[in-house]
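K.L.:
The file below is run_24.cif, mmCIF, C-alpha atoms and all ligand atoms:
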```
data_start
#
loop_
_atom_site.label_atom_id
_atom_site.label_comp_id
_atom_site.auth_asym_id
_atom_site.auth_seq_id
_atom_site.Cartn_x
_atom_site.Cartn_y
_atom_site.Cartn_z
CA MET A 1 0.93 -17.28 -24.67
CA ILE A 2 1.12 -13.68 -23.38
CA PRO A 3 2.52 -11.42 -26.14
CA SER A 4 5.71 -9.42 -25.61
CA SER A 5 3.71 -6.17 -25.75
CA GLU A 6 1.81 -7.25 -22.57
CA LEU A 7 4.40 -9.16 -20.55
CA ILE A 8 7.40 -6.96 -21.32
CA LEU A 9 10.82 -8.39 -20.49
CA ASN A 10 14.13 -6.54 -20.72
CA PRO A 11 16.98 -8.00 -22.83
CA ASP A 12 18.44 -9.68 -19.70
CA GLY A 13 15.10 -11.38 -19.03
CA SER A 14 14.08 -9.12 -16.12
CA ILE A 15 10.58 -7.65 -15.84
CA TYR A 16 10.08 -4.25 -17.51
CA HIS A 17 9.87 -1.71 -14.66
CA LEU A 18 11.12 -3.52 -11.56
CA ASN A 19 14.19 -4.92 -13.36
CA LEU A 20 13.89 -8.16 -11.38
CA MET A 21 14.21 -11.83 -12.37
CA PRO A 22 12.01 -14.50 -10.77
CA ASP A 23 14.85 -15.85 -8.61
CA HIS A 24 15.49 -12.42 -7.06
CA LEU A 25 12.25 -12.52 -5.08
CA SER A 26 11.55 -13.78 -1.58
CA ASP A 27 8.09 -14.86 -0.37
CA THR A 28 8.01 -11.82 1.94
CA ILE A 29 8.42 -8.37 0.44
CA ILE A 30 8.61 -5.03 2.22
CA THR A 31 7.55 -2.07 0.10
CA VAL A 32 8.13 1.63 0.79
CA GLY A 33 7.22 4.75 -1.15
CA ASP A 34 10.48 6.65 -0.84
CA PRO A 35 13.48 5.13 -2.71
CA ALA A 36 15.78 6.38 0.10
CA ARG A 37 13.80 4.30 2.61
CA VAL A 38 15.01 1.05 0.98
CA ALA A 39 18.48 1.46 2.51
CA GLN A 40 16.85 2.56 5.80
CA VAL A 41 15.35 -0.97 5.88
CA SER A 42 18.25 -2.98 4.41
CA ARG A 43 20.85 -1.44 6.75
CA HIS A 44 19.37 -3.78 9.36
CA PHE A 45 20.00 -6.86 7.15
CA ASP A 46 22.77 -9.37 7.95
CA SER A 47 23.76 -9.11 4.28
CA VAL A 48 22.45 -7.64 1.01
CA GLU A 49 22.98 -10.04 -1.89
CA PHE A 50 21.38 -8.11 -4.75
CA GLU A 51 20.58 -4.45 -5.55
CA THR A 52 18.98 -2.85 -8.60
CA THR A 53 17.51 0.54 -9.49
CA HIS A 54 15.19 1.52 -12.33
CA ARG A 55 13.25 4.82 -12.22
CA GLU A 56 11.70 5.07 -8.72
CA PHE A 57 11.91 1.30 -8.20
CA VAL A 58 14.91 0.52 -5.98
CA THR A 59 15.28 -3.07 -4.74
CA HIS A 60 17.58 -4.61 -2.13
CA VAL A 61 17.37 -8.37 -1.50
CA GLY A 62 19.08 -9.86 1.52
CA TYR A 63 18.74 -11.66 4.84
CA PHE A 64 17.49 -10.37 8.20
CA ARG A 65 18.41 -12.79 11.02
CA GLY A 66 18.54 -15.56 8.44
CA LYS A 67 15.21 -14.71 6.77
CA ARG A 68 15.36 -13.79 3.10
CA LEU A 69 13.58 -10.48 2.42
CA ALA A 70 13.22 -8.13 -0.52
CA VAL A 71 12.62 -4.42 0.04
CA ILE A 72 11.33 -2.41 -2.92
CA SER A 73 10.43 1.27 -3.35
CA THR A 74 7.30 2.10 -5.30
CA GLY A 75 7.27 5.88 -5.61
CA MET A 76 3.95 7.61 -4.98
CA GLY A 77 0.40 6.80 -6.05
CA THR A 78 -1.77 3.82 -6.96
CA ASP A 79 -0.73 4.07 -10.63
CA ASN A 80 2.69 2.86 -9.45
CA ILE A 81 1.09 0.18 -7.27
CA ASP A 82 -0.62 -1.18 -10.41
CA ILE A 83 2.86 -1.69 -11.87
CA VAL A 84 4.44 -3.10 -8.71
CA MET A 85 1.66 -5.59 -7.89
CA ASN A 86 1.25 -6.84 -11.46
CA GLU A 87 5.01 -7.25 -11.96
CA LEU A 88 5.58 -8.94 -8.57
CA ASP A 89 2.75 -11.34 -9.36
CA ALA A 90 4.15 -12.02 -12.85
CA LEU A 91 7.55 -12.83 -11.35
CA VAL A 92 6.09 -15.68 -9.29
CA ASN A 93 2.96 -16.74 -11.20
CA ILE A 94 3.87 -16.46 -14.88
CA ASP A 95 6.44 -18.68 -16.61
CA PHE A 96 8.66 -16.18 -18.47
CA VAL A 97 9.94 -18.87 -20.90
CA SER A 98 6.57 -20.20 -22.09
CA ARG A 99 4.85 -16.84 -21.32
CA THR A 100 1.94 -18.66 -19.73
CA VAL A 101 0.20 -18.29 -16.37
CA ARG A 102 1.18 -21.10 -14.01
CA PRO A 103 -1.58 -23.61 -13.16
CA ALA A 104 -3.58 -22.73 -10.01
CA GLU A 105 -1.90 -25.45 -7.91
CA GLU A 106 1.56 -23.99 -8.66
CA ARG A 107 0.67 -20.36 -7.98
CA MET A 108 2.34 -18.57 -5.10
CA SER A 109 0.83 -16.16 -2.61
CA LEU A 110 3.28 -13.44 -1.59
CA ARG A 111 3.30 -11.57 1.73
CA ILE A 112 3.63 -7.88 0.93
CA ILE A 113 4.02 -5.33 3.74
CA ARG A 114 3.92 -1.63 2.96
CA LEU A 115 5.79 0.60 5.42
CA GLY A 116 4.60 4.11 4.61
CA THR A 117 4.08 7.58 6.02
CA SER A 118 0.61 8.97 6.51
CA GLY A 119 -1.42 11.90 7.83
CA SER A 120 -3.99 11.33 10.58
CA LEU A 121 -7.53 12.63 10.17
CA GLN A 122 -8.49 12.23 13.82
CA ALA A 123 -7.17 14.10 16.88
CA ASP A 124 -6.96 10.84 18.85
CA VAL A 125 -4.52 9.27 16.34
CA PRO A 126 -1.51 11.41 17.22
CA VAL A 127 1.66 12.20 15.33
CA GLY A 128 4.24 9.55 16.18
CA SER A 129 1.75 6.67 16.32
CA MET A 130 1.83 3.57 14.11
CA LEU A 131 -1.38 2.51 12.40
CA ALA A 132 -2.24 -0.82 10.78
CA THR A 133 -4.85 -0.51 8.03
CA GLU A 134 -7.95 -2.68 8.37
CA HIS A 135 -10.03 -1.25 5.49
CA ALA A 136 -8.57 0.78 2.64
CA VAL A 137 -10.83 3.25 0.84
CA GLY A 138 -9.74 4.27 -2.66
CA LEU A 139 -10.69 7.68 -4.00
CA ASP A 140 -8.59 7.02 -7.09
CA THR A 141 -9.84 5.41 -10.32
CA LEU A 142 -7.70 2.22 -10.37
CA MET A 143 -10.63 -0.11 -9.62
CA GLN A 144 -12.68 1.34 -12.49
CA PHE A 145 -10.55 -1.01 -14.63
CA TYR A 146 -10.64 -4.32 -12.70
CA PRO A 147 -13.58 -6.52 -11.64
CA LEU A 148 -13.09 -6.10 -7.88
CA VAL A 149 -15.73 -7.94 -5.84
CA GLU A 150 -16.61 -6.07 -2.63
CA THR A 151 -18.41 -7.55 0.39
CA GLY A 152 -21.83 -6.21 1.42
CA LEU A 153 -20.25 -4.07 4.16
CA GLU A 154 -17.61 -2.70 1.79
CA THR A 155 -20.28 -1.73 -0.74
CA GLU A 156 -22.42 -0.06 1.96
CA ILE A 157 -19.47 2.02 3.16
CA ALA A 158 -18.57 2.97 -0.42
CA THR A 159 -22.13 4.05 -1.23
CA GLU A 160 -22.52 6.14 1.93
CA LEU A 161 -19.15 7.79 1.44
CA GLN A 162 -20.01 8.63 -2.15
CA GLN A 163 -23.15 10.39 -0.88
CA THR A 164 -21.27 12.16 1.93
CA LEU A 165 -18.62 13.50 -0.42
CA GLU A 166 -21.08 14.09 -3.34
CA LEU A 167 -18.69 12.26 -5.65
CA PRO A 168 -19.60 11.40 -9.27
CA PHE A 169 -18.25 7.83 -8.72
CA ALA A 170 -18.19 5.38 -5.82
CA PRO A 171 -14.94 4.96 -3.90
CA TYR A 172 -13.79 1.33 -3.52
CA VAL A 173 -13.46 -0.25 -0.10
CA VAL A 174 -11.32 -3.33 0.64
CA ARG A 175 -10.50 -5.07 3.92
CA GLY A 176 -6.93 -6.30 4.07
CA SER A 177 -5.41 -9.51 5.46
CA ASP A 178 -6.61 -10.09 9.05
CA LEU A 179 -3.83 -12.63 9.58
CA LEU A 180 -0.98 -10.28 8.70
CA ARG A 181 -2.55 -7.37 10.59
CA GLU A 182 -2.86 -9.44 13.77
CA GLN A 183 0.69 -10.75 13.40
CA LEU A 184 2.53 -7.54 12.50
CA GLY A 185 0.15 -4.80 13.69
CA ALA A 186 -0.37 -5.97 17.29
CA GLY A 187 -0.36 -3.00 19.68
CA MET A 188 -0.70 -0.46 16.85
CA VAL A 189 -3.75 1.71 16.19
CA MET A 190 -6.18 -0.21 13.94
CA GLY A 191 -7.53 2.15 11.31
CA ASN A 192 -9.30 2.68 8.01
CA THR A 193 -7.11 4.40 5.47
CA LEU A 194 -8.24 6.81 2.77
CA THR A 195 -6.07 6.44 -0.33
CA CYS A 196 -6.08 9.68 -2.33
CA PRO A 197 -5.04 10.48 -5.90
CA GLY A 198 -2.94 13.43 -4.65
CA PHE A 199 -1.33 15.00 -1.58
CA TYR A 200 -2.90 18.47 -1.66
CA GLY A 201 -6.51 18.92 -2.87
CA PRO A 202 -7.46 15.21 -2.61
CA GLN A 203 -6.24 15.28 1.01
CA GLY A 204 -7.97 18.61 1.66
CA ARG A 205 -4.78 20.70 1.85
CA ILE A 206 -5.14 24.34 0.87
CA LEU A 207 -2.07 26.34 -0.14
CA ARG A 208 -3.20 28.70 -2.96
CA LEU A 209 -6.09 26.67 -4.39
CA ASP A 210 -9.52 26.45 -2.80
CA LEU A 211 -11.34 23.12 -2.63
CA ARG A 212 -14.64 22.39 -4.37
CA GLN A 213 -16.01 21.48 -0.91
CA PRO A 214 -14.75 23.87 1.78
CA ASP A 215 -15.84 21.37 4.50
CA TYR A 216 -14.22 18.33 2.79
CA ILE A 217 -11.98 17.46 5.78
CA SER A 218 -14.78 17.67 8.34
CA ARG A 219 -17.04 15.51 6.13
CA LEU A 220 -14.32 12.85 6.21
CA GLN A 221 -13.58 13.26 9.92
CA ASN A 222 -17.26 12.94 10.85
CA PHE A 223 -18.09 10.08 8.47
CA ARG A 224 -19.44 7.06 10.40
CA HIS A 225 -20.94 3.77 9.25
CA GLN A 226 -22.69 1.55 11.80
CA SER A 227 -22.92 -2.20 11.20
CA ALA A 228 -22.97 -5.48 13.13
CA GLU A 229 -19.16 -5.26 13.06
CA GLY A 230 -19.27 -1.95 14.96
CA GLU A 231 -18.60 1.65 14.04
CA PHE A 232 -16.49 2.45 10.98
CA ARG A 233 -14.62 5.75 10.73
CA LEU A 234 -11.81 7.02 8.54
CA THR A 235 -8.51 7.49 10.36
CA ASN A 236 -5.77 8.50 7.95
CA PHE A 237 -4.72 9.73 4.52
CA GLU A 238 -2.05 8.39 2.18
CA MET A 239 -1.71 7.50 -1.50
CA GLU A 240 -1.21 3.74 -2.09
CA THR A 241 -2.92 1.37 0.35
CA ALA A 242 -6.23 0.83 -1.53
CA GLY A 243 -4.27 -0.12 -4.65
CA TYR A 244 -2.37 -2.77 -2.67
CA TYR A 245 -5.41 -4.17 -0.90
CA SER A 246 -7.59 -4.40 -4.01
CA LEU A 247 -4.89 -5.89 -6.27
CA GLY A 248 -3.83 -8.21 -3.42
CA ARG A 249 -7.40 -9.55 -3.28
CA LEU A 250 -7.62 -9.90 -7.07
CA LEU A 251 -4.23 -11.61 -7.45
CA GLY A 252 -4.32 -13.72 -4.27
CA HIS A 253 -1.52 -12.09 -2.23
CA GLU A 254 -1.56 -11.25 1.50
CA VAL A 255 -1.03 -7.53 1.95
CA LEU A 256 -0.68 -5.27 4.98
CA SER A 257 -0.20 -1.51 5.12
CA LEU A 258 1.53 -0.08 8.19
CA ASN A 259 1.55 3.68 8.52
CA ALA A 260 3.86 5.97 10.49
CA ILE A 261 1.70 8.98 11.36
CA VAL A 262 3.77 12.07 10.54
CA ALA A 263 1.02 14.72 10.26
CA ASN A 264 -2.22 15.33 12.11
CA ARG A 265 -4.86 17.20 10.12
CA ALA A 266 -7.13 17.73 13.11
CA THR A 267 -4.48 19.45 15.25
CA GLY A 268 -2.34 20.93 12.46
CA GLU A 269 0.87 19.26 13.68
CA PHE A 270 3.73 17.72 11.67
CA ALA A 271 6.19 15.31 13.33
CA GLU A 272 9.37 16.98 14.59
CA ASN A 273 11.31 13.84 13.73
CA ALA A 274 9.38 11.93 11.10
CA GLY A 275 12.47 9.81 10.33
CA ALA A 276 12.53 8.43 13.88
CA VAL A 277 8.87 7.35 13.67
CA VAL A 278 9.58 5.53 10.40
CA ASP A 279 12.72 3.92 11.86
CA ALA A 280 10.78 2.61 14.85
CA MET A 281 8.16 1.10 12.53
CA ILE A 282 10.84 -0.53 10.35
CA GLU A 283 12.61 -2.08 13.35
CA ARG A 284 9.40 -3.33 14.93
CA THR A 285 8.24 -4.91 11.67
CA LEU A 286 11.56 -6.63 10.92
CA LEU A 287 11.68 -8.14 14.41
CA ARG A 288 8.10 -9.37 14.14
CA LEU A 289 8.84 -11.02 10.79
CA VAL A 290 11.40 -13.33 12.40
CA VAL A 291 9.61 -14.41 15.60
C1 LIG A 301 3.40 11.57 0.13
O1 LIG A 301 4.30 12.37 0.80
C2 LIG A 301 3.83 10.12 0.10
O2 LIG A 301 3.99 9.65 1.45
C3 LIG A 301 3.14 8.56 1.71
C4 LIG A 301 2.03 8.71 0.69
O3 LIG A 301 1.30 7.53 0.53
C5 LIG A 301 2.77 9.21 -0.52
O4 LIG A 301 3.39 8.19 -1.23
O5 LIG A 301 3.75 7.30 1.65
P1 LIG A 301 5.33 6.98 1.49
O6 LIG A 301 6.00 7.69 2.63
O7 LIG A 301 5.47 5.51 1.57
O8 LIG A 301 5.75 7.52 0.14
N1 LIG A 302 1.64 11.09 3.33
C1 LIG A 302 0.44 11.51 2.88
O1 LIG A 302 -0.01 11.07 1.81
N2 LIG A 302 -0.22 12.42 3.59
C2 LIG A 302 0.25 12.95 4.73
O2 LIG A 302 -0.40 13.81 5.32
C3 LIG A 302 1.51 12.51 5.20
C4 LIG A 302 2.19 11.57 4.47
#
```
Just give me the structure as structure tokens.
Ligand code: R1P
Ligand code: URA
P.N.:
Amino acid sequence: MIPSSELILNPDGSIYHLNLMPDHLSDTIITVGDPARVAQVSRHFDSVEFETTHREFVTHVGYFRGKRLAVISTGMGTDNIDIVMNELDALVNIDFVSRTVRPAEERMSLRIIRLGTSGSLQADVPVGSMLATEHAVGLDTLMQFYPLVETGLETEIATELQQTLELPFAPYVVRGSDLLREQLGAGMVMGNTLTCPGFYGPQGRILRLDLRQPDYISRLQNFRHQSAEGEFRLTNFEMETAGYYSLGRLLGHEVLSLNAIVANRATGEFAENAGAVVDAMIERTLLRLVV
């Protein structure tokens, strides 16, 4: 039995941060960072049957062309993704009455699709493009606390990147769901996303503070790993994807991160209409979910 200090339920029986009950969820969940983006997604729904808000976690549950979908905002950073992934998993795979984990044969695998904004690292991934993440690379510390198992290739990339960046710890590298990427990311740029524990220094942005490594961005842009699977390079920066991909692997959920490229760090551009790029990605994803 999981104690009430670990599996925390609100007085109405909903889970602590997300404020959701098990029957609120659908098997397919769209997640976004910005709470305002939830309505940008749900305005396309035929109907919204449930809404709740708690802190940065806004949820709308409804139907798009007859398909039940939940859209949830996460706020920024992998610390929030730790909360979102653990609580979504608890909603489907833990019995809240007996406070026990459901037997393996009753456990559910969710489909979780992140629709986020991102900055490109490479000149040939322009502002306005949509990128589907193949590998996520975490520069944050979330996986210092979980027993993530990486493949040989993932470990090689992590080790080389640690050397390239002269980091005191190894980044973690996780390949996401090939199935979801092929289904929902067709025609998009396929990329490898660097998940950073910050928007400024960790993404090499200089306003008033210098970086420890003045050539940090060019080290990332020029990083290459050759393997039988081809050449690996880093394509874009954001702040959540590696948390999703690693916790998705650990908990048994299918996860995909789709990124609207709103900044390009090689050319110095920012999208003139970032909202339109995000809208196009939302519409394309919703339509692909119902074919
Ligand atoms: C930074 O501006 C935020 O934008 C990106 C980053 O991952 C970070 O959360 O994603 P969202 O637009 O989904 O929030
Ligand atoms: N989100 C990020 O984290 N970085 C960018 O450059 C743009 C959006």
K.L.:
Give me, as a PyMOL selection string, all polymer residues having an atom no more than 10 Å from Asp279 of chain A, counting only C-alpha atoms and skipping those fewer than 6 positions away in the same chain.
P.N.:
chain A and resi 37+40-41+260+285
K.L.:
Of the candidates A:Ile157, A:Met188, A:Val58, A:Ala90, which shows the shortest atom-to-atom distance to Arg284 of chain A, using all atoms listed in the file?
P.N.:
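Of the candidates, the smallest distance to Arg284 of chain A is held by A:Met188.
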K.L.:
Between A:Arg181, A:Arg205, A:Arg233, A:Arg212, which has the minimum distance to ligand LIG 302 (chain A) (counting all atoms listed in the file)?
P.N.:
A:Arg205
K.L.:
With a distance cut-off of 9 Å and all atoms listed in the file, select the neighbouring residues of segment 217-219 of chain A, excluding the residue or stretch itself and same-chain residues fewer than 3 positions from it, and output the selection as a ChimeraX atom specification.
P.N.:
/A:121,164-165,203-205,213-214,222-223,265-266
K.L.:
Name each residue within 7 Å of ligand LIG 301 (chain A), counting all atoms listed in the file, as a ChimeraX atom specification.
P.N.:
/A:32-34,75-77,115-118,199,238-240
K.L.:
Hey, what's within 8 Å of His135 of chain A if we count all atoms listed in the file and toss same-chain stuff fewer than 4 positions away? As a ChimeraX atom specification, please?
P.N.:
/A:173-176,191-193
K.L.:
Take every atom of segment 193-203 of chain A listed in the file, pad by 5 Å on each side, and give me the axis-aligned box centre and edge lengths in Å, one decimal, as lines of an AutoDock Vina configuration file.
P.N.:
```
center_x = -4.8
center_y = 11.7
center_z = -0.2
size_x = 16.9
size_y = 24.5
size_z = 21.4
```
K.L.:
Name the closest residue to ligand LIG 302 (chain A) among the candidates A:Ser120, A:Thr241, A:Thr267, A:Thr100; distances are taken between atoms, counting only C-alpha atoms and all ligand atoms.
P.N.:
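Closest candidate: A:Ser120.
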K.L.:
Using only C-alpha atoms and all ligand atoms, which residue out of A:Gly248, A:Gly119, A:Gly13, A:Gly243 lies closest to ligand LIG 302 (chain A)?
P.N.:
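The shortest atom-to-atom distance to ligand LIG 302 (chain A) comes from A:Gly119.
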K.L.:
Counting all atoms listed in the file, which residue out of A:Leu207, A:Val127, A:Leu7, A:Leu161 sits closest to ligand LIG 302 (chain A)?
P.N.:
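Once distances to ligand LIG 302 (chain A) are computed over all atoms listed in the file, the minimum belongs to A:Val127.
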K.L.:
For Gly185 of chain A, find every residue with an atom within 8 Å (counting only C-alpha atoms), except residues of its own chain fewer than 6 positions away, and show them as a PyMOL selection string.
P.N.:
chain A and resi 131-132+258
K.L.:
Find the residue from A:Tyr216, A:Phe145, A:Phe237, A:Tyr63 that sits nearest to ligand LIG 302 (chain A); use all atoms listed in the file when measuring.
P.N.:
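Comparing A:Tyr216, A:Phe145, A:Phe237, A:Tyr63 against ligand LIG 302 (chain A), the winner is A:Phe237.
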K.L.:
Can you tell me which residues surround Glu51 of chain A at a distance of at most 7 Å, considering all atoms listed in the file, apart from same-chain residues fewer than 6 positions away, and format the answer as a list of chain:residue names?
P.N.:
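The residues satisfying every condition are A:Thr59, A:His60, A:Val61.
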K.L.:
For a cutoff of 10 Å around the file-coordinate point (-2.2, -10.3, 4.8), which residues qualify once you count only C-alpha atoms? I'd like the result as a list in words.
P.N.:
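Within the cut-off we find Ser109, Leu110, Arg111, Ile112, Ile113, Arg175, Gly176, Ser177, Asp178, Leu179, Leu180, Arg181, Glu182, Gln183, Leu184, Tyr245, Gly248, Arg249, Gly252, His253, Glu254, Val255, Leu256 and Ser257 of chain A.
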K.L.:
Could you give me segment 48-63 of chain A completed to N, CA, C and O atoms, formatted as a short mmCIF file (atom, residue, chain, number, x, y, z; two decimals), in the frame of the given file?
P.N.:
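To be explicit, this is the file written out as out03.cif:
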```cif
data_model
loop_
_atom_site.label_atom_id
_atom_site.label_comp_id
_atom_site.auth_asym_id
_atom_site.auth_seq_id
_atom_site.Cartn_x
_atom_site.Cartn_y
_atom_site.Cartn_z
N VAL A 48 23.26 -7.97 2.20
CA VAL A 48 22.45 -7.64 1.01
C VAL A 48 23.10 -8.37 -0.15
O VAL A 48 24.28 -8.17 -0.42
N GLU A 49 22.34 -9.25 -0.83
CA GLU A 49 22.98 -10.04 -1.89
C GLU A 49 22.71 -9.50 -3.29
O GLU A 49 23.39 -9.86 -4.24
N PHE A 50 21.71 -8.61 -3.42
CA PHE A 50 21.38 -8.11 -4.75
C PHE A 50 20.76 -6.71 -4.63
O PHE A 50 19.96 -6.46 -3.74
N GLU A 51 21.17 -5.79 -5.53
CA GLU A 51 20.58 -4.45 -5.55
C GLU A 51 20.31 -4.06 -7.00
O GLU A 51 21.13 -4.37 -7.87
N THR A 52 19.21 -3.40 -7.27
CA THR A 52 18.98 -2.85 -8.60
C THR A 52 18.14 -1.58 -8.47
O THR A 52 17.39 -1.40 -7.51
N THR A 53 18.27 -0.71 -9.47
CA THR A 53 17.51 0.54 -9.49
C THR A 53 17.01 0.79 -10.90
O THR A 53 17.78 0.66 -11.86
N HIS A 54 15.73 1.10 -11.04
CA HIS A 54 15.19 1.52 -12.33
C HIS A 54 14.08 2.52 -12.04
O HIS A 54 13.13 2.18 -11.34
N ARG A 55 14.19 3.74 -12.56
CA ARG A 55 13.25 4.82 -12.22
C ARG A 55 13.13 4.93 -10.70
O ARG A 55 14.13 4.94 -10.02
N GLU A 56 11.87 4.95 -10.18
CA GLU A 56 11.70 5.07 -8.72
C GLU A 56 11.74 3.72 -8.00
O GLU A 56 11.54 3.65 -6.80
N PHE A 57 11.96 2.64 -8.78
CA PHE A 57 11.91 1.30 -8.20
C PHE A 57 13.32 0.83 -7.81
O PHE A 57 14.09 0.39 -8.65
N VAL A 58 13.62 0.96 -6.52
CA VAL A 58 14.91 0.52 -5.98
C VAL A 58 14.64 -0.76 -5.21
O VAL A 58 13.69 -0.83 -4.43
N THR A 59 15.46 -1.79 -5.45
CA THR A 59 15.28 -3.07 -4.74
C THR A 59 16.58 -3.50 -4.07
O THR A 59 17.64 -3.43 -4.69
N HIS A 60 16.49 -3.92 -2.82
CA HIS A 60 17.58 -4.61 -2.13
C HIS A 60 17.03 -5.96 -1.68
O HIS A 60 15.95 -6.02 -1.07
N VAL A 61 17.77 -7.03 -1.97
CA VAL A 61 17.37 -8.37 -1.50
C VAL A 61 18.47 -8.87 -0.57
O VAL A 61 19.66 -8.75 -0.90
N GLY A 62 18.06 -9.38 0.58
CA GLY A 62 19.08 -9.86 1.52
C GLY A 62 18.46 -10.71 2.61
O GLY A 62 17.36 -11.26 2.44
N TYR A 63 19.18 -10.81 3.72
CA TYR A 63 18.74 -11.66 4.84
C TYR A 63 18.67 -10.83 6.11
O TYR A 63 19.61 -10.04 6.40
#
```
